[in-house]
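Q: Below you'll find run.txt; it's compact mmCIF, C-alpha atoms and all ligand atoms.
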# COMPACT_ATOMS: atom_id res chain seq x y z
CA MET A 1 -30.80 -49.80 -1.55
CA ALA A 2 -29.82 -46.72 -3.57
CA VAL A 3 -28.06 -44.06 -1.51
CA GLU A 4 -28.95 -40.50 -2.42
CA ILE A 5 -26.05 -38.10 -2.87
CA ASP A 6 -26.55 -34.58 -1.55
CA GLN A 7 -25.83 -32.33 -4.53
CA ARG A 8 -26.58 -28.98 -2.92
CA GLU A 9 -23.00 -28.12 -2.09
CA GLN A 10 -19.86 -29.04 -3.97
CA ILE A 11 -16.73 -29.63 -1.94
CA ILE A 12 -13.90 -27.93 -3.81
CA THR A 13 -10.31 -28.37 -2.67
CA ILE A 14 -7.77 -25.65 -3.28
CA GLU A 15 -5.96 -27.94 -5.71
CA ARG A 16 -9.05 -28.33 -7.83
CA HIS A 17 -9.85 -24.64 -7.67
CA ILE A 18 -6.34 -23.58 -8.74
CA LEU A 19 -6.35 -26.14 -11.55
CA GLU A 20 -9.74 -24.93 -12.77
CA GLU A 21 -8.42 -21.35 -12.78
CA GLN A 22 -5.40 -22.53 -14.76
CA SER A 23 -7.60 -24.21 -17.35
CA THR A 24 -9.09 -20.80 -18.23
CA HIS A 25 -5.58 -19.76 -19.33
CA PRO A 26 -4.57 -22.05 -22.20
CA GLU A 27 -1.11 -20.47 -22.25
CA ALA A 28 -0.45 -21.43 -18.61
CA THR A 29 2.36 -23.90 -17.99
CA GLY A 30 1.29 -24.94 -14.50
CA VAL A 31 4.25 -23.32 -12.74
CA LEU A 32 2.11 -20.71 -10.97
CA THR A 33 -0.41 -23.39 -10.07
CA ASN A 34 2.32 -25.40 -8.38
CA LEU A 35 3.74 -22.34 -6.66
CA LEU A 36 0.33 -21.66 -5.15
CA TYR A 37 0.15 -25.29 -3.96
CA ASP A 38 3.57 -24.81 -2.39
CA ILE A 39 2.27 -21.78 -0.50
CA ALA A 40 -0.76 -23.74 0.70
CA LEU A 41 1.70 -26.27 2.08
CA VAL A 42 3.69 -23.49 3.77
CA GLY A 43 0.42 -22.45 5.42
CA LYS A 44 -0.28 -25.95 6.70
CA VAL A 45 3.20 -26.24 8.17
CA ILE A 46 3.10 -22.83 9.87
CA ALA A 47 -0.44 -23.49 11.15
CA SER A 48 0.72 -26.72 12.76
CA LYS A 49 3.44 -24.75 14.56
CA THR A 50 1.27 -21.82 15.64
CA ASN A 51 -1.27 -24.29 17.04
CA ARG A 52 1.42 -25.58 19.36
CA ALA A 53 2.88 -22.18 20.21
CA GLY A 54 1.69 -22.17 23.80
CA LEU A 55 2.97 -25.69 24.41
CA VAL A 56 6.64 -24.92 23.98
CA GLU A 57 7.04 -24.06 27.66
CA ILE A 58 5.09 -27.12 28.85
CA LEU A 59 6.82 -29.59 26.57
CA GLY A 60 10.11 -28.54 28.03
CA ARG A 61 12.92 -26.32 27.00
CA THR A 62 16.25 -27.95 27.65
CA GLY A 63 18.68 -25.35 26.53
CA SER A 64 17.41 -24.71 23.04
CA THR A 65 16.12 -28.27 22.48
CA ASN A 66 12.64 -29.58 23.28
CA ILE A 67 11.80 -33.09 24.47
CA GLN A 68 11.43 -34.40 20.92
CA GLY A 69 15.04 -33.41 20.42
CA GLU A 70 13.92 -30.61 18.11
CA GLN A 71 15.53 -27.24 18.15
CA VAL A 72 13.17 -24.78 19.87
CA GLN A 73 12.87 -21.78 17.61
CA LYS A 74 11.07 -18.56 17.74
CA LEU A 75 7.88 -18.85 15.74
CA ASP A 76 8.65 -15.98 13.40
CA LYS A 77 12.05 -17.46 12.50
CA LEU A 78 10.42 -20.81 11.94
CA ALA A 79 7.78 -19.33 9.65
CA ASP A 80 10.46 -17.49 7.71
CA GLU A 81 12.48 -20.67 7.18
CA THR A 82 9.38 -22.59 6.18
CA PHE A 83 8.63 -20.14 3.37
CA PHE A 84 12.20 -20.21 2.13
CA ARG A 85 12.91 -23.93 2.41
CA LEU A 86 9.68 -25.03 0.75
CA ASN A 87 10.37 -22.75 -2.21
CA ASP A 88 14.13 -22.62 -2.71
CA HIS A 89 14.53 -25.89 -4.63
CA THR A 90 11.37 -26.17 -6.75
CA GLY A 91 12.65 -24.41 -9.86
CA ARG A 92 9.59 -22.17 -9.80
CA VAL A 93 11.09 -19.15 -8.02
CA ALA A 94 13.95 -16.92 -9.19
CA VAL A 95 14.44 -14.87 -6.05
CA MET A 96 12.67 -14.27 -2.76
CA ALA A 97 12.48 -11.42 -0.30
CA SER A 98 11.27 -11.68 3.27
CA GLU A 99 10.18 -9.05 5.73
CA GLU A 100 12.62 -10.72 8.13
CA HIS A 101 15.72 -10.15 5.97
CA GLU A 102 17.42 -6.95 4.95
CA HIS A 103 18.47 -8.15 1.50
CA VAL A 104 16.88 -10.30 -1.21
CA LEU A 105 17.20 -14.08 -0.81
CA PRO A 106 18.76 -15.64 -3.91
CA ILE A 107 18.00 -19.22 -4.87
CA PRO A 108 21.03 -21.35 -3.91
CA ASP A 109 23.26 -22.08 -6.94
CA LYS A 110 22.68 -25.83 -6.63
CA TYR A 111 19.00 -25.38 -7.51
CA PRO A 112 17.44 -24.13 -10.75
CA ALA A 113 16.01 -20.62 -10.72
CA GLY A 114 12.45 -20.22 -11.96
CA LYS A 115 10.43 -17.40 -13.47
CA TYR A 116 8.58 -16.06 -10.44
CA VAL A 117 9.51 -13.70 -7.64
CA LEU A 118 8.14 -14.45 -4.18
CA LEU A 119 7.88 -11.82 -1.44
CA TYR A 120 6.57 -12.73 1.98
CA ASP A 121 5.90 -11.51 5.47
CA PRO A 122 6.22 -14.87 7.23
CA LEU A 123 4.48 -14.07 10.50
CA ASP A 124 2.57 -10.84 10.66
CA GLY A 125 1.23 -9.61 13.99
CA SER A 126 4.06 -11.27 15.84
CA SER A 127 3.66 -9.04 18.89
CA ASN A 128 0.47 -11.07 19.46
CA ILE A 129 2.24 -14.47 19.58
CA ASP A 130 2.39 -14.66 23.36
CA TYR A 131 -1.31 -13.89 23.78
CA ASN A 132 -2.96 -16.59 21.66
CA ILE A 133 -4.27 -14.02 19.19
CA CYS A 134 -4.62 -14.49 15.40
CA LEU A 135 -1.47 -14.26 13.30
CA GLY A 136 -1.01 -14.28 9.56
CA SER A 137 1.41 -14.65 6.67
CA ILE A 138 1.24 -12.46 3.56
CA PHE A 139 2.68 -13.25 0.14
CA SER A 140 3.08 -11.63 -3.28
CA ILE A 141 4.12 -13.18 -6.57
CA TYR A 142 5.57 -11.27 -9.53
CA ARG A 143 7.10 -12.37 -12.80
CA LYS A 144 10.88 -12.05 -13.04
CA THR A 145 11.71 -9.21 -15.39
CA SER A 146 15.52 -9.33 -15.42
CA SER A 147 17.55 -11.71 -17.52
CA GLY A 148 19.60 -13.21 -14.69
CA ARG A 149 18.72 -15.51 -11.80
CA GLY A 150 16.64 -12.88 -10.06
CA SER A 151 17.64 -9.62 -8.43
CA LEU A 152 16.53 -6.74 -6.26
CA GLU A 153 15.12 -5.07 -9.38
CA ASP A 154 12.77 -8.05 -9.85
CA CYS A 155 11.44 -7.55 -6.33
CA LEU A 156 10.87 -3.80 -6.61
CA GLN A 157 7.84 -3.97 -8.89
CA PRO A 158 4.69 -1.91 -8.38
CA GLY A 159 1.50 -3.64 -7.30
CA ARG A 160 0.02 -3.25 -10.78
CA GLN A 161 2.50 -5.93 -11.94
CA LEU A 162 1.37 -8.52 -9.41
CA VAL A 163 0.59 -11.98 -10.72
CA ALA A 164 -0.95 -13.17 -7.47
CA ALA A 165 -1.14 -12.26 -3.80
CA GLY A 166 -2.77 -13.57 -0.70
CA TYR A 167 -2.55 -14.34 2.97
CA LEU A 168 -2.81 -17.13 5.45
CA LEU A 169 -4.76 -16.43 8.61
CA TYR A 170 -4.01 -18.55 11.65
CA GLY A 171 -7.17 -17.92 13.64
CA THR A 172 -9.95 -20.01 15.09
CA SER A 173 -9.42 -21.90 11.86
CA THR A 174 -6.65 -21.56 9.31
CA MET A 175 -7.58 -19.81 6.08
CA LEU A 176 -5.87 -19.11 2.79
CA VAL A 177 -7.26 -16.16 0.85
CA TYR A 178 -5.75 -15.32 -2.53
CA SER A 179 -6.27 -13.72 -5.89
CA THR A 180 -4.63 -14.14 -9.27
CA GLY A 181 -6.39 -11.04 -10.55
CA HIS A 182 -9.76 -12.72 -11.15
CA GLY A 183 -11.51 -12.01 -7.86
CA VAL A 184 -10.75 -13.20 -4.37
CA ASN A 185 -11.40 -16.68 -3.00
CA GLY A 186 -11.04 -17.97 0.54
CA PHE A 187 -10.27 -21.51 1.67
CA THR A 188 -10.53 -22.99 5.14
CA LEU A 189 -8.20 -25.74 6.28
CA ASP A 190 -10.02 -28.89 7.33
CA PRO A 191 -7.47 -30.16 9.83
CA SER A 192 -8.92 -33.68 9.86
CA VAL A 193 -8.05 -34.24 6.21
CA GLY A 194 -5.32 -31.62 5.84
CA GLU A 195 -7.01 -29.92 2.88
CA PHE A 196 -7.94 -26.32 2.21
CA LEU A 197 -11.58 -26.31 1.09
CA LEU A 198 -13.28 -23.46 -0.75
CA SER A 199 -15.37 -21.75 1.92
CA HIS A 200 -15.58 -18.14 0.69
CA PRO A 201 -15.98 -18.04 -3.11
CA SER A 202 -15.78 -14.71 -5.00
CA ILE A 203 -15.47 -12.44 -1.99
CA ARG A 204 -16.81 -8.89 -2.39
CA MET A 205 -16.63 -6.26 0.33
CA PRO A 206 -20.19 -5.72 1.49
CA ASP A 207 -21.94 -2.40 1.61
CA PRO A 208 -22.76 -0.72 3.97
CA PRO A 209 -19.46 -1.18 5.81
CA GLN A 210 -19.44 -2.01 9.51
CA TYR A 211 -16.05 -1.35 11.06
CA TYR A 212 -13.07 0.95 11.26
CA SER A 213 -9.78 -0.44 12.52
CA THR A 214 -6.84 1.61 13.66
CA ASN A 215 -4.51 1.98 16.62
CA GLN A 216 -6.26 4.96 18.15
CA GLY A 217 -3.61 5.07 20.87
CA ASN A 218 -1.57 6.94 18.27
CA GLU A 219 -4.21 9.61 17.62
CA LYS A 220 -2.28 12.48 19.18
CA TYR A 221 0.50 11.88 16.63
CA TRP A 222 -1.83 12.01 13.62
CA SER A 223 -2.39 14.88 11.18
CA GLN A 224 -5.52 17.04 11.45
CA GLY A 225 -6.87 15.34 8.34
CA VAL A 226 -6.63 11.85 9.83
CA LYS A 227 -8.16 13.04 13.11
CA ALA A 228 -11.08 14.63 11.24
CA TYR A 229 -11.49 11.44 9.18
CA THR A 230 -11.68 9.38 12.36
CA ALA A 231 -14.38 11.66 13.74
CA TYR A 232 -16.24 11.18 10.44
CA LEU A 233 -16.05 7.38 10.82
CA GLN A 234 -17.34 7.67 14.37
CA GLY A 235 -20.34 9.64 13.19
CA THR A 236 -19.63 12.76 15.23
CA ASP A 237 -20.53 15.14 12.40
CA LYS A 238 -23.73 15.45 10.45
CA GLY A 239 -23.55 13.49 7.22
CA SER A 240 -20.83 11.18 8.50
CA VAL A 241 -21.00 7.42 8.83
CA LYS A 242 -21.26 5.64 12.17
CA LEU A 243 -19.02 2.62 12.39
CA SER A 244 -17.96 0.38 15.25
CA ALA A 245 -14.27 0.14 16.07
CA ARG A 246 -12.45 -3.21 15.98
CA TYR A 247 -8.67 -3.52 16.22
CA VAL A 248 -6.78 -6.76 16.76
CA GLY A 249 -3.33 -5.40 16.01
CA SER A 250 -2.65 -8.29 13.61
CA LEU A 251 -2.95 -6.79 10.17
CA VAL A 252 -4.17 -9.96 8.47
CA ALA A 253 -6.92 -10.44 11.05
CA ASP A 254 -8.03 -6.81 10.86
CA PHE A 255 -7.97 -6.87 7.07
CA HIS A 256 -9.83 -10.18 6.89
CA ARG A 257 -12.65 -8.96 9.12
CA ASN A 258 -13.12 -5.83 7.05
CA LEU A 259 -12.95 -7.81 3.81
CA LEU A 260 -15.90 -9.91 4.96
CA ALA A 261 -17.86 -7.28 6.90
CA GLY A 262 -16.96 -4.07 5.03
CA GLY A 263 -14.93 -1.34 6.67
CA VAL A 264 -11.58 0.37 6.65
CA PHE A 265 -8.21 -0.33 8.24
CA TYR A 266 -5.69 2.47 8.47
CA TYR A 267 -2.20 2.96 9.78
CA PRO A 268 -1.47 6.56 8.84
CA ALA A 269 1.75 8.54 8.84
CA ASP A 270 2.42 9.87 12.33
CA THR A 271 4.91 11.91 14.29
CA HIS A 272 5.36 9.27 17.00
CA ASP A 273 8.74 7.99 15.85
CA PRO A 274 10.82 10.43 13.77
CA SER A 275 12.62 7.44 12.16
CA LYS A 276 9.27 6.24 10.74
CA PRO A 277 7.51 9.33 9.36
CA GLN A 278 5.54 7.13 6.93
CA GLY A 279 3.91 5.09 9.69
CA LYS A 280 4.75 1.50 10.47
CA LEU A 281 3.61 -0.78 7.69
CA ARG A 282 5.73 -2.05 4.83
CA LEU A 283 4.82 -1.27 1.26
CA MET A 284 6.14 -4.48 -0.32
CA TYR A 285 5.18 -7.07 2.27
CA GLU A 286 1.91 -5.70 3.64
CA ALA A 287 0.34 -2.78 1.78
CA ILE A 288 0.72 -3.94 -1.84
CA PRO A 289 -0.55 -7.53 -1.45
CA LEU A 290 -3.49 -6.54 0.77
CA GLY A 291 -4.23 -3.56 -1.48
CA PHE A 292 -4.39 -5.92 -4.45
CA LEU A 293 -6.85 -8.19 -2.63
CA ALA A 294 -8.95 -5.20 -1.59
CA GLU A 295 -9.21 -4.01 -5.20
CA GLN A 296 -10.04 -7.50 -6.38
CA ALA A 297 -12.89 -7.58 -3.85
CA GLY A 298 -14.28 -4.21 -4.99
CA GLY A 299 -12.42 -2.10 -2.40
CA ARG A 300 -9.43 0.24 -2.54
CA ALA A 301 -6.05 0.87 -0.95
CA SER A 302 -4.28 4.21 -0.70
CA ASP A 303 -1.34 5.88 0.99
CA GLY A 304 -3.64 8.83 1.68
CA ALA A 305 -2.79 10.53 -1.62
CA GLY A 306 -3.28 7.86 -4.29
CA ASP A 307 -3.52 4.17 -5.06
CA ILE A 308 -1.03 1.93 -3.27
CA LEU A 309 -0.77 -0.25 -6.36
CA ASP A 310 0.58 2.65 -8.45
CA ILE A 311 3.57 3.34 -6.19
CA GLN A 312 6.94 2.46 -7.67
CA PRO A 313 8.85 0.90 -4.75
CA GLN A 314 12.32 2.30 -4.11
CA THR A 315 13.59 -0.01 -1.39
CA LEU A 316 12.63 -3.45 -0.11
CA HIS A 317 11.57 -2.36 3.34
CA GLN A 318 10.08 1.05 2.71
CA ARG A 319 7.14 2.03 4.87
CA THR A 320 3.92 3.64 3.77
CA PRO A 321 0.81 5.18 5.28
CA PHE A 322 -1.94 2.67 4.55
CA PHE A 323 -5.70 3.02 4.17
CA VAL A 324 -7.44 -0.10 2.92
CA GLY A 325 -10.99 -1.37 2.71
CA SER A 326 -14.32 -0.31 1.31
CA ALA A 327 -13.71 1.97 -1.67
CA ASP A 328 -15.84 4.92 -0.48
CA LEU A 329 -14.18 4.98 2.92
CA VAL A 330 -10.68 4.96 1.45
CA THR A 331 -11.59 7.75 -0.97
CA LYS A 332 -13.04 9.72 1.95
CA ALA A 333 -9.72 9.40 3.81
CA GLU A 334 -7.93 10.92 0.82
CA GLU A 335 -10.45 13.79 0.78
CA PHE A 336 -9.96 14.60 4.46
CA ILE A 337 -6.17 14.48 4.12
CA ARG A 338 -6.20 16.66 0.98
CA GLN A 339 -8.51 19.26 2.58
CA SER A 340 -6.37 19.62 5.68
CA ARG A 341 -3.14 20.28 3.76
P1 LIG A 401 3.32 -6.62 14.63
O1 LIG A 401 4.16 -5.43 14.97
O2 LIG A 401 2.73 -7.28 15.84
O3 LIG A 401 4.03 -7.63 13.74
O4 LIG A 401 3.35 -4.70 10.73
C1 LIG A 401 3.27 -5.46 11.85
C2 LIG A 401 2.03 -5.27 12.70
O5 LIG A 401 2.05 -6.12 13.78
C3 LIG A 401 0.71 -5.50 11.94
O6 LIG A 401 0.34 -6.84 11.84
C4 LIG A 401 -0.28 -4.72 12.78
O7 LIG A 401 -1.40 -4.29 12.05
C5 LIG A 401 0.53 -3.56 13.27
O8 LIG A 401 1.91 -3.95 13.16
C6 LIG A 401 0.23 -3.25 14.71
O9 LIG A 401 0.91 -2.11 15.09
P2 LIG A 401 0.59 -1.35 16.47
O10 LIG A 401 1.05 -2.23 17.58
O11 LIG A 401 1.37 -0.09 16.39
O12 LIG A 401 -0.89 -1.09 16.50
Spit out the file's structure as structure tokens when you get a sec.
Ligand code: FDP

A:
Amino acid sequence: MAVEIDQREQIITIERHILEEQSTHPEATGVLTNLLYDIALVGKVIASKTNRAGLVEILGRTGSTNIQGEQVQKLDKLADETFFRLNDHTGRVAVMASEEHEHVLPIPDKYPAGKYVLLYDPLDGSSNIDYNICLGSIFSIYRKTSSGRGSLEDCLQPGRQLVAAGYLLYGTSTMLVYSTGHGVNGFTLDPSVGEFLLSHPSIRMPDPPQYYSTNQGNEKYWSQGVKAYTAYLQGTDKGSVKLSARYVGSLVADFHRNLLAGGVFYYPADTHDPSKPQGKLRLMYEAIPLGFLAEQAGGRASDGAGDILDIQPQTLHQRTPFFVGSADLVTKAEEFIRQSR
């Protein structure tokens, strides 16, 4: 008996998708393709650890060793090591920088240095670890521009020079969302087969937007412009929009929701902590990669004055006010801030 094959939906693995993207670039050597595979593997490894996060206490902590004889590590340290150790020896990366380390991370001399620069925030939203709330990892890839084995200068490139960026979301399912500058695609990990499958092709931020996301507990420390903008988002004035508020406090989760539903996330400059006048978020590890994805999905990202992707970074860990999401809402934030100056 002939069995009919359901041809309505194609199942596309991340490997196939990346390879198909590569085939549209005849000049491509496959190095970026393999680097993206490596990051998908990083995501699988970190997801397997975050899934077991709550079990560490139950499975036993004998000194710093669990009952499998493994070293019990803090999840953020583990995620950081996973990124580094899966990428240090491949010959694809020249230098790395991690949100967890003050200085750049050179490739050990025993391994060949490659042509790409990898920046990562290994576990974003880590204050949520103990509460079983979504976490994420964020990554950015640039081309090495210096002639050596990779340096700080290679890491301090503006977002306009990005080759690729994306994030992993460890939520009710694990997702990898990335862009190489040709739109944004999202993949969901099928844990039974260990593959990321294309679940969200060609993501565009929908209009009208639904949500605004911000830590409103900080409102008293905000500028008049940001306060007025927030009132606009809440629909308190005539002619303003009326959005619902949603705030997880894990940037990747908040960004992901607004990417799919439309909306704006902001972490503005505030006067809360005089040592952080630019707000809390990091330009290189958080704002630039997510800003790139927002633009690729039809949205925008700004520091309140202009495009995040145009900023020339000065230091690895510099902070920036950050407004990201639906283009009109980000532009509106800039207007409110400009008018109140
Ligand atoms: P966390 O401190 O938990 O790692 O930049 C880190 C970050 O989380 C973002 O993921 C999140 O959006 C933001 O900080 C949350 O900050 P608040 O606690 O001040 O709201």

Q: List the residues sitting within 12 Å of (0.7, -21.0, -4.7) in the file's frame, using only C-alpha atoms, as a ChimeraX atom specification.

A: /A:14-15,17-19,22,30-43,83,86-87,92-93,116-118,138-142,163-168,176-180

Q: Identify, counting only C-alpha atoms and all ligand atoms, the protein, DNA and RNA residues located within 8 Å of ligand LIG 401 (chain A), and give them as a ChimeraX atom specification.

A: /A:123-128,135-136,214-215,218,248-252,254,267,280-282,286

Q: Go ahead and write the residues just picked, C-alpha atoms, as a PDB file, keeping the file's coordinate frame.

A:
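Wrote part-v1.pdb, looks like this:
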ATOM      1  CA  LEU A 123       4.480 -14.070  10.500  1.00  0.00           C
ATOM      2  CA  ASP A 124       2.570 -10.840  10.660  1.00  0.00           C
ATOM      3  CA  GLY A 125       1.230  -9.610  13.990  1.00  0.00           C
ATOM      4  CA  SER A 126       4.060 -11.270  15.840  1.00  0.00           C
ATOM      5  CA  SER A 127       3.660  -9.040  18.890  1.00  0.00           C
ATOM      6  CA  ASN A 128       0.470 -11.070  19.460  1.00  0.00           C
ATOM      7  CA  LEU A 135      -1.470 -14.260  13.300  1.00  0.00           C
ATOM      8  CA  GLY A 136      -1.010 -14.280   9.560  1.00  0.00           C
ATOM      9  CA  THR A 214      -6.840   1.610  13.660  1.00  0.00           C
ATOM     10  CA  ASN A 215      -4.510   1.980  16.620  1.00  0.00           C
ATOM     11  CA  ASN A 218      -1.570   6.940  18.270  1.00  0.00           C
ATOM     12  CA  VAL A 248      -6.780  -6.760  16.760  1.00  0.00           C
ATOM     13  CA  GLY A 249      -3.330  -5.400  16.010  1.00  0.00           C
ATOM     14  CA  SER A 250      -2.650  -8.290  13.610  1.00  0.00           C
ATOM     15  CA  LEU A 251      -2.950  -6.790  10.170  1.00  0.00           C
ATOM     16  CA  VAL A 252      -4.170  -9.960   8.470  1.00  0.00           C
ATOM     17  CA  ASP A 254      -8.030  -6.810  10.860  1.00  0.00           C
ATOM     18  CA  TYR A 267      -2.200   2.960   9.780  1.00  0.00           C
ATOM     19  CA  LYS A 280       4.750   1.500  10.470  1.00  0.00           C
ATOM     20  CA  LEU A 281       3.610  -0.780   7.690  1.00  0.00           C
ATOM     21  CA  ARG A 282       5.730  -2.050   4.830  1.00  0.00           C
ATOM     22  CA  GLU A 286       1.910  -5.700   3.640  1.00  0.00           C
TER      23      GLU A 286
END

Q: Residues near Leu243 in chain A, anyone? I mean within 6 Å using only C-alpha atoms, not counting same-chain ones fewer than 3 positions away, as JSON, numbers by chain.

A: {"A": [210, 211, 233, 234]}

Q: Between A:Val241, A:His89, A:Pro208, A:Ala79, which one has atoms that come closest to Tyr120 in chain A, using only C-alpha atoms?

A: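 Comparing A:Val241, A:His89, A:Pro208, A:Ala79 against Tyr120 in chain A, the winner is A:Ala79.
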
Q: Considering all atoms listed in the file, state which residue in the set A:Glu99, A:Asp88, A:Glu81, A:Asp130 is at the smallest distance from Leu55 in chain A.

A: A:Asp130

Q: Suppose you want the space between CA of Lys242 in chain A and CA of Asn258 in chain A; what is it in Å?

A: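 Straight-line distance from CA of Lys242 in chain A to CA of Asn258 in chain A works out to 15.0 Å.
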
Q: I need the residue nearest Ala94 in chain A from this list: A:Lys44, A:Lys144, A:Arg204, A:Arg338. Use all atoms listed in the file for the distance.

A: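 Of A:Lys44, A:Lys144, A:Arg204, A:Arg338, the one nearest Ala94 in chain A is A:Lys144, counting all atoms listed in the file.
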
Q: Given the choices A:Gly217, A:Pro313, A:Gly54, A:Pro209, which gets closest to His272 in chain A if the distance is worked out from only C-alpha atoms?

A: A:Gly217

Q: Name the closest residue to Thr331 in chain A among the candidates A:Ile11, A:Ala301, A:Leu316, A:Leu119; distances are taken between atoms, counting only C-alpha atoms.

A: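 With only C-alpha atoms as the atom set, the closest residue is A:Ala301.
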
Q: Assuming 4 Å of padding per side, give the centre and edge lengths of the axis-aligned box around every listed atom of range 28-40 of chain A, in Å to one decimal and as JSON.

A:
{"center_x": 1.7, "center_y": -23.1, "center_z": -9.0, "size_x": 13.0, "size_y": 12.7, "size_z": 27.3}

Q: Which value, in Å to one decimal, gives the distance between CA of Pro268 in chain A and CA of Ser244 in chain A?

A: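 Pair CA of Pro268 in chain A / CA of Ser244 in chain A returns 18.7 Å.
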
Q: Could you check which of A:Asp328, A:Glu20, A:Asp303, A:Asp237 is closest to Gly263 in chain A, using all atoms listed in the file?

A: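 Checking each of A:Asp328, A:Glu20, A:Asp303, A:Asp237 against Gly263 in chain A, counting all atoms listed in the file, the winner is A:Asp328.
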
Q: Go ahead and compute the interatomic distance for CA of Thr230 in chain A and CA of Ile288 in chain A, in Å to one decimal.

A: 23.1 Å

Q: What's around Gly186 in chain A at 9 Å? Count only C-alpha atoms, leave out sequence neighbours fewer than 5 positions away in its own chain, and write the answer as a PyMOL selection string.

A: chain A and resi 175-178+197-203
